[in-house]
>>> print(open('coords-v2.cif').read())   # mmCIF, C-alpha atoms
data_target
loop_
_atom_site.group_PDB
_atom_site.id
_atom_site.type_symbol
_atom_site.label_atom_id
_atom_site.label_comp_id
_atom_site.auth_asym_id
_atom_site.auth_seq_id
_atom_site.Cartn_x
_atom_site.Cartn_y
_atom_site.Cartn_z
ATOM 1 C CA MET A 558 18.250 -5.028 15.116
ATOM 2 C CA ALA A 559 16.303 -8.176 14.365
ATOM 3 C CA ALA A 560 13.178 -6.514 15.789
ATOM 4 C CA LEU A 561 13.676 -3.505 13.498
ATOM 5 C CA LYS A 562 14.032 -5.727 10.449
ATOM 6 C CA GLU A 563 10.922 -7.686 11.435
ATOM 7 C CA ALA A 564 8.946 -4.453 11.960
ATOM 8 C CA LEU A 565 9.945 -3.109 8.535
ATOM 9 C CA GLN A 566 9.088 -6.388 6.852
ATOM 10 C CA ALA A 567 5.706 -6.439 8.647
ATOM 11 C CA ALA A 568 5.002 -2.862 7.488
ATOM 12 C CA LYS A 569 5.841 -3.807 3.906
ATOM 13 C CA LYS A 570 3.549 -6.818 4.170
ATOM 14 C CA ASP A 571 0.688 -4.748 5.632
ATOM 15 C CA PHE A 572 1.035 -1.740 3.304
ATOM 16 C CA GLY A 573 2.594 -3.250 0.188
ATOM 17 C CA ARG A 574 5.690 -1.060 0.404
ATOM 18 C CA ILE A 575 7.305 1.701 2.414
ATOM 19 C CA ASP A 576 7.242 5.026 0.564
ATOM 20 C CA VAL A 577 8.718 7.187 3.336
ATOM 21 C CA LEU A 578 11.111 6.089 6.043
ATOM 22 C CA GLU A 579 11.766 8.494 8.922
ATOM 23 C CA PHE A 580 14.602 7.434 11.191
ATOM 24 C CA SER A 581 15.090 9.227 14.505
ATOM 25 C CA PRO A 582 16.085 7.092 17.477
ATOM 26 C CA TYR A 583 16.789 8.698 20.838
ATOM 27 C CA ALA A 584 18.514 6.904 23.693
ATOM 28 C CA GLY A 585 18.133 9.632 26.295
ATOM 29 C CA PRO A 586 20.531 11.801 28.265
ATOM 30 C CA ASP A 587 21.635 8.980 30.559
ATOM 31 C CA LYS A 588 23.609 7.605 27.581
ATOM 32 C CA PHE A 589 25.454 10.870 26.877
ATOM 33 C CA ARG A 590 29.169 11.013 27.727
ATOM 34 C CA HIS A 591 31.458 14.018 27.783
ATOM 35 C CA VAL A 592 34.289 13.771 25.283
ATOM 36 C CA LEU A 593 36.785 13.315 28.128
ATOM 37 C CA GLU A 594 34.714 10.405 29.460
ATOM 38 C CA THR A 595 34.099 8.832 26.060
ATOM 39 C CA THR A 596 35.264 5.238 25.785
ATOM 40 C CA PRO A 597 35.199 2.810 22.869
ATOM 41 C CA GLY A 598 32.328 0.991 24.567
ATOM 42 C CA LYS A 599 30.245 4.162 24.932
ATOM 43 C CA VAL A 600 30.829 5.017 21.266
ATOM 44 C CA LEU A 601 30.003 1.476 20.173
ATOM 45 C CA GLU A 602 26.766 1.704 22.162
ATOM 46 C CA GLN A 603 25.785 4.764 20.104
ATOM 47 C CA VAL A 604 26.890 3.220 16.805
ATOM 48 C CA ASN A 605 24.790 0.143 17.607
ATOM 49 C CA GLY A 606 21.806 2.297 18.579
ATOM 50 C CA TYR A 607 21.908 4.940 15.836
ATOM 51 C CA LEU A 608 24.129 4.196 12.890
ATOM 52 C CA LEU A 609 23.808 0.464 12.285
ATOM 53 C CA PRO A 610 19.998 0.392 12.596
ATOM 54 C CA ALA A 611 19.812 3.278 10.111
ATOM 55 C CA ILE A 612 21.865 1.306 7.608
ATOM 56 C CA LEU A 613 19.732 -1.787 8.161
ATOM 57 C CA ALA A 614 16.512 0.224 7.686
ATOM 58 C CA VAL A 615 17.806 1.792 4.477
ATOM 59 C CA ASN A 616 18.836 -1.599 3.132
ATOM 60 C CA GLU A 617 15.269 -2.797 3.735
ATOM 61 C CA VAL A 618 13.580 0.017 1.796
ATOM 62 C CA VAL A 619 15.959 1.339 -0.877
ATOM 63 C CA PRO A 620 15.758 -1.537 -3.368
ATOM 64 C CA GLU A 621 11.976 -1.119 -3.676
ATOM 65 C CA MET A 622 12.278 2.671 -3.786
ATOM 66 C CA ILE A 623 14.688 2.383 -6.692
ATOM 67 C CA LYS A 624 12.494 -0.188 -8.425
ATOM 68 C CA ASN A 625 9.338 1.916 -7.945
ATOM 69 C CA ALA A 626 11.058 5.194 -8.896
ATOM 70 C CA SER A 627 9.752 6.921 -5.780
ATOM 71 C CA GLY A 628 10.352 7.254 -2.076
ATOM 72 C CA ALA A 629 11.996 9.291 0.623
ATOM 73 C CA ILE A 630 14.283 8.625 3.551
ATOM 74 C CA LEU A 631 14.343 11.180 6.338
ATOM 75 C CA PHE A 632 16.994 11.188 9.066
ATOM 76 C CA THR A 633 16.685 13.155 12.285
ATOM 77 C CA THR A 634 19.692 13.800 14.517
ATOM 78 C CA GLY A 635 20.762 16.236 17.166
ATOM 79 C CA LEU A 636 22.991 19.222 16.464
ATOM 80 C CA SER A 637 26.057 17.179 17.417
ATOM 81 C CA ALA A 638 25.842 15.691 13.926
ATOM 82 C CA MET A 639 26.867 19.072 12.533
ATOM 83 C CA PHE A 640 28.527 20.917 15.396
ATOM 84 C CA PRO A 641 30.822 19.202 17.921
ATOM 85 C CA LEU A 642 29.428 19.428 21.450
ATOM 86 C CA PRO A 643 31.877 18.161 24.093
ATOM 87 C CA PHE A 644 29.169 17.239 26.613
ATOM 88 C CA ILE A 645 27.831 14.590 24.221
ATOM 89 C CA GLY A 646 31.103 13.425 22.725
ATOM 90 C CA ASN A 647 30.062 9.806 22.246
ATOM 91 C CA VAL A 648 26.726 10.712 20.654
ATOM 92 C CA GLY A 649 28.336 13.219 18.288
ATOM 93 C CA ILE A 650 30.550 10.540 16.813
ATOM 94 C CA ALA A 651 27.567 8.381 15.887
ATOM 95 C CA MET A 652 25.383 11.326 14.808
ATOM 96 C CA SER A 653 28.057 12.764 12.524
ATOM 97 C CA GLY A 654 28.542 9.296 11.046
ATOM 98 C CA LEU A 655 24.801 9.070 10.424
ATOM 99 C CA ARG A 656 24.815 12.504 8.790
ATOM 100 C CA ASN A 657 27.727 11.442 6.566
ATOM 101 C CA TYR A 658 25.840 8.294 5.578
ATOM 102 C CA ALA A 659 22.681 10.322 4.859
ATOM 103 C CA THR A 660 24.657 12.817 2.772
ATOM 104 C CA ASN A 661 26.123 10.021 0.678
ATOM 105 C CA LEU A 662 22.672 8.486 0.196
ATOM 106 C CA HIS A 663 21.270 11.872 -0.795
ATOM 107 C CA ASN A 664 23.986 12.385 -3.384
ATOM 108 C CA GLU A 665 23.524 8.909 -4.843
ATOM 109 C CA LEU A 666 19.735 8.751 -4.847
ATOM 110 C CA LYS A 667 18.749 12.280 -5.917
ATOM 111 C CA GLU A 668 19.610 11.471 -9.530
ATOM 112 C CA LYS A 669 17.356 8.429 -9.267
ATOM 113 C CA GLY A 670 14.403 10.564 -8.151
ATOM 114 C CA ARG A 671 14.492 9.571 -4.482
ATOM 115 C CA PHE A 672 14.737 12.135 -1.713
ATOM 116 C CA VAL A 673 17.017 11.748 1.290
ATOM 117 C CA GLY A 674 16.890 14.509 3.863
ATOM 118 C CA HIS A 675 18.411 15.355 7.218
ATOM 119 C CA LEU A 676 16.970 17.425 10.061
ATOM 120 C CA SER A 677 19.279 18.346 12.915
ATOM 121 C CA ILE A 678 17.363 19.296 16.066
ATOM 122 C CA GLY A 679 18.958 21.545 18.660
ATOM 123 C CA THR A 680 16.234 21.740 21.283
ATOM 124 C CA PHE A 681 14.282 19.487 23.580
ATOM 125 C CA ILE A 682 11.224 18.090 21.861
ATOM 126 C CA GLN A 683 8.311 18.949 24.079
ATOM 127 C CA PRO A 684 4.669 19.733 23.284
ATOM 128 C CA SER A 685 3.465 23.308 23.798
ATOM 129 C CA THR A 686 7.002 24.734 23.498
ATOM 130 C CA ALA A 687 9.138 26.125 20.688
ATOM 131 C CA GLY A 688 10.399 22.541 20.311
ATOM 132 C CA GLY A 689 6.931 21.113 19.884
ATOM 133 C CA PRO A 690 6.474 18.105 17.603
ATOM 134 C CA ASP A 691 4.020 20.023 15.421
ATOM 135 C CA TYR A 692 6.648 22.673 14.618
ATOM 136 C CA ILE A 693 9.224 20.011 13.835
ATOM 137 C CA ALA A 694 6.721 18.212 11.610
ATOM 138 C CA GLU A 695 6.154 21.443 9.662
ATOM 139 C CA VAL A 696 9.885 21.768 8.991
ATOM 140 C CA TRP A 697 10.086 18.138 7.928
ATOM 141 C CA TYR A 698 7.074 18.484 5.647
ATOM 142 C CA ASP A 699 8.508 21.605 4.020
ATOM 143 C CA LEU A 700 11.861 19.887 3.444
ATOM 144 C CA TYR A 701 10.156 16.802 2.023
ATOM 145 C CA GLU A 702 7.625 18.707 -0.091
ATOM 146 C CA ARG A 703 10.094 21.115 -1.680
ATOM 147 C CA LYS A 704 13.042 18.706 -1.989
ATOM 148 C CA ASN A 705 15.214 21.748 -2.693
ATOM 149 C CA ARG A 706 17.845 21.096 -0.041
ATOM 150 C CA PHE A 707 19.314 18.155 1.782
ATOM 151 C CA GLU A 708 19.206 19.404 5.342
ATOM 152 C CA GLU A 709 17.818 21.855 7.816
ATOM 153 C CA THR A 710 18.446 22.720 11.443
ATOM 154 C CA PHE A 711 15.699 23.248 13.990
ATOM 155 C CA PRO A 712 15.270 25.801 15.270
ATOM 156 C CA ASN A 713 16.897 27.886 12.541
#
>>> encode(input="coords-v2.cif", output="structure tokens")
Amino acid sequence: MAALKEALQAAKKDFGRIDVLEFSPYAGPDKFRHVLETTPGKVLEQVNGYLLPAILAVNEVVPEMIKNASGAILFTTGLSAMFPLPFIGNVGIAMSGLRNYATNLHNELKEKGRFVGHLSIGTFIQPSTAGGPDYIAEVWYDLYERKNRFEETFPN
């Protein structure tokens, strides 16, 4: 997490501030554990890789966003954040925690003019497919531009 904090501080130094933070780590399928094979260690691995870095990143950018009366924080997760999927039991615990955190941030910051959004992706991200990054970017841009809802699933 020290590297993440250093990277965010370097970005703020280079650009003056961070107006939009998009947080979407992905550990890969070799880290997934079925719910019946989920152990405290495998959950902690996901919490350390997804949830705690998200909180650290938010803590780095929110004070300036509040001070500057602008900014957006965008969280991307898999569908396990919203719908329990037994084959990724350990990931779902961390993803649903991240979604809960994002929801709380959204509710607290919307009245202060800051946007917090969540996109839950239920497909493999792969160029030249229905899960292509360009299609996902369009959904994110629409969510960010309109700011009329907290979250979206992809594909619908």
>>> resolve_selection(input="coords-v2.cif", expression="the PyMOL selection byres ((chain A and resi 642-651) around 12)", output="ChimeraX atom specification")
/A:582-611,634-641,652-658,677,679
>>> resolve_selection(input="coords-v2.cif", expression="the PyMOL selection byres ((chain A and resi 614-623) around 9)", output="short mmCIF file (atom, residue, chain, number, x, y, z; two decimals) with C-alpha atoms, in the coordinates of the input")
data_model
loop_
_atom_site.label_atom_id
_atom_site.label_comp_id
_atom_site.auth_asym_id
_atom_site.auth_seq_id
_atom_site.Cartn_x
_atom_site.Cartn_y
_atom_site.Cartn_z
CA LEU A 561 13.68 -3.50 13.50
CA LYS A 562 14.03 -5.73 10.45
CA LEU A 565 9.94 -3.11 8.54
CA GLN A 566 9.09 -6.39 6.85
CA LYS A 569 5.84 -3.81 3.91
CA ARG A 574 5.69 -1.06 0.40
CA ILE A 575 7.30 1.70 2.41
CA ASP A 576 7.24 5.03 0.56
CA VAL A 577 8.72 7.19 3.34
CA LEU A 578 11.11 6.09 6.04
CA PHE A 580 14.60 7.43 11.19
CA LEU A 609 23.81 0.46 12.28
CA PRO A 610 20.00 0.39 12.60
CA ALA A 611 19.81 3.28 10.11
CA ILE A 612 21.86 1.31 7.61
CA LEU A 613 19.73 -1.79 8.16
CA LYS A 624 12.49 -0.19 -8.43
CA ASN A 625 9.34 1.92 -7.94
CA ALA A 626 11.06 5.19 -8.90
CA SER A 627 9.75 6.92 -5.78
CA GLY A 628 10.35 7.25 -2.08
CA ALA A 629 12.00 9.29 0.62
CA ILE A 630 14.28 8.62 3.55
CA LEU A 666 19.74 8.75 -4.85
CA LYS A 669 17.36 8.43 -9.27
CA GLY A 670 14.40 10.56 -8.15
CA ARG A 671 14.49 9.57 -4.48
#
>>> residues_around(input="coords-v2.cif", residues="segment 700-711 of chain A", least_positions_apart="4", cutoff="8 Å", atoms="only C-alpha atoms", output="list in words")
Ala629, Leu636, Thr660, His663, Phe672, Val673, Gly674, His675, Leu676, Ser677, Ile678, Gly679, Thr680, Ile693 and Val696 of chain A
>>> axis_aligned_box(input="coords-v2.cif", around="segment 652-671 of chain A", padding_each_side="6 Å", output="JSON")
{"center_x": 21.5, "center_y": 10.6, "center_z": 2.6, "size_x": 26.1, "size_y": 16.5, "size_z": 36.3}
>>> atom_distance(input="coords-v2.cif", atom1="atom CA of Trp697 of chain A", atom2="atom CA of Leu662 of chain A")
17.6 Å
>>> atom_distance(input="coords-v2.cif", atom1="atom CA of Gly689 of chain A", atom2="atom CA of Thr633 of chain A")
14.7 Å
>>> decode(input="coords-v2.cif", residues="segment 604-616 of chain A", atoms="N, CA, C and O atoms", output="CSV table (one decimal), in the first residue's frame")
chain,number,residue,atom,x,y,z
A,604,VAL,N,-9.1,-8.7,1.0
A,604,VAL,CA,-9.3,-7.5,1.7
A,604,VAL,C,-8.1,-6.6,1.6
A,604,VAL,O,-8.2,-5.4,1.3
A,605,ASN,N,-6.9,-7.2,1.7
A,605,ASN,CA,-5.6,-6.4,1.6
A,605,ASN,C,-5.4,-6.0,0.1
A,605,ASN,O,-4.7,-5.0,-0.1
A,606,GLY,N,-5.9,-6.7,-0.9
A,606,GLY,CA,-5.7,-6.4,-2.3
A,606,GLY,C,-6.8,-5.4,-2.8
A,606,GLY,O,-6.5,-4.7,-3.8
A,607,TYR,N,-8.0,-5.5,-2.3
A,607,TYR,CA,-9.1,-4.7,-2.8
A,607,TYR,C,-9.6,-3.6,-1.9
A,607,TYR,O,-9.7,-2.4,-2.3
A,608,LEU,N,-10.0,-4.0,-0.7
A,608,LEU,CA,-10.7,-3.1,0.2
A,608,LEU,C,-9.8,-2.0,0.8
A,608,LEU,O,-10.1,-0.8,0.7
A,609,LEU,N,-8.7,-2.5,1.4
A,609,LEU,CA,-7.9,-1.5,2.1
A,609,LEU,C,-7.2,-0.5,1.2
A,609,LEU,O,-7.1,0.6,1.5
A,610,PRO,N,-6.7,-1.0,0.0
A,610,PRO,CA,-6.2,0.0,-0.9
A,610,PRO,C,-7.2,1.0,-1.4
A,610,PRO,O,-6.9,2.2,-1.6
A,611,ALA,N,-8.4,0.6,-1.5
A,611,ALA,CA,-9.5,1.5,-1.9
A,611,ALA,C,-9.7,2.6,-0.9
A,611,ALA,O,-9.8,3.8,-1.2
A,612,ILE,N,-9.7,2.2,0.4
A,612,ILE,CA,-9.9,3.2,1.5
A,612,ILE,C,-8.7,4.1,1.5
A,612,ILE,O,-8.9,5.3,1.7
A,613,LEU,N,-7.5,3.6,1.4
A,613,LEU,CA,-6.3,4.4,1.4
A,613,LEU,C,-6.4,5.4,0.2
A,613,LEU,O,-6.1,6.6,0.4
A,614,ALA,N,-6.7,5.0,-1.0
A,614,ALA,CA,-6.8,5.9,-2.1
A,614,ALA,C,-7.9,7.0,-1.9
A,614,ALA,O,-7.6,8.2,-2.2
A,615,VAL,N,-9.0,6.6,-1.4
A,615,VAL,CA,-10.0,7.6,-1.1
A,615,VAL,C,-9.5,8.6,-0.1
A,615,VAL,O,-9.7,9.8,-0.2
A,616,ASN,N,-8.9,8.2,1.0
A,616,ASN,CA,-8.3,9.1,2.0
A,616,ASN,C,-7.3,10.1,1.4
A,616,ASN,O,-7.2,11.2,1.9
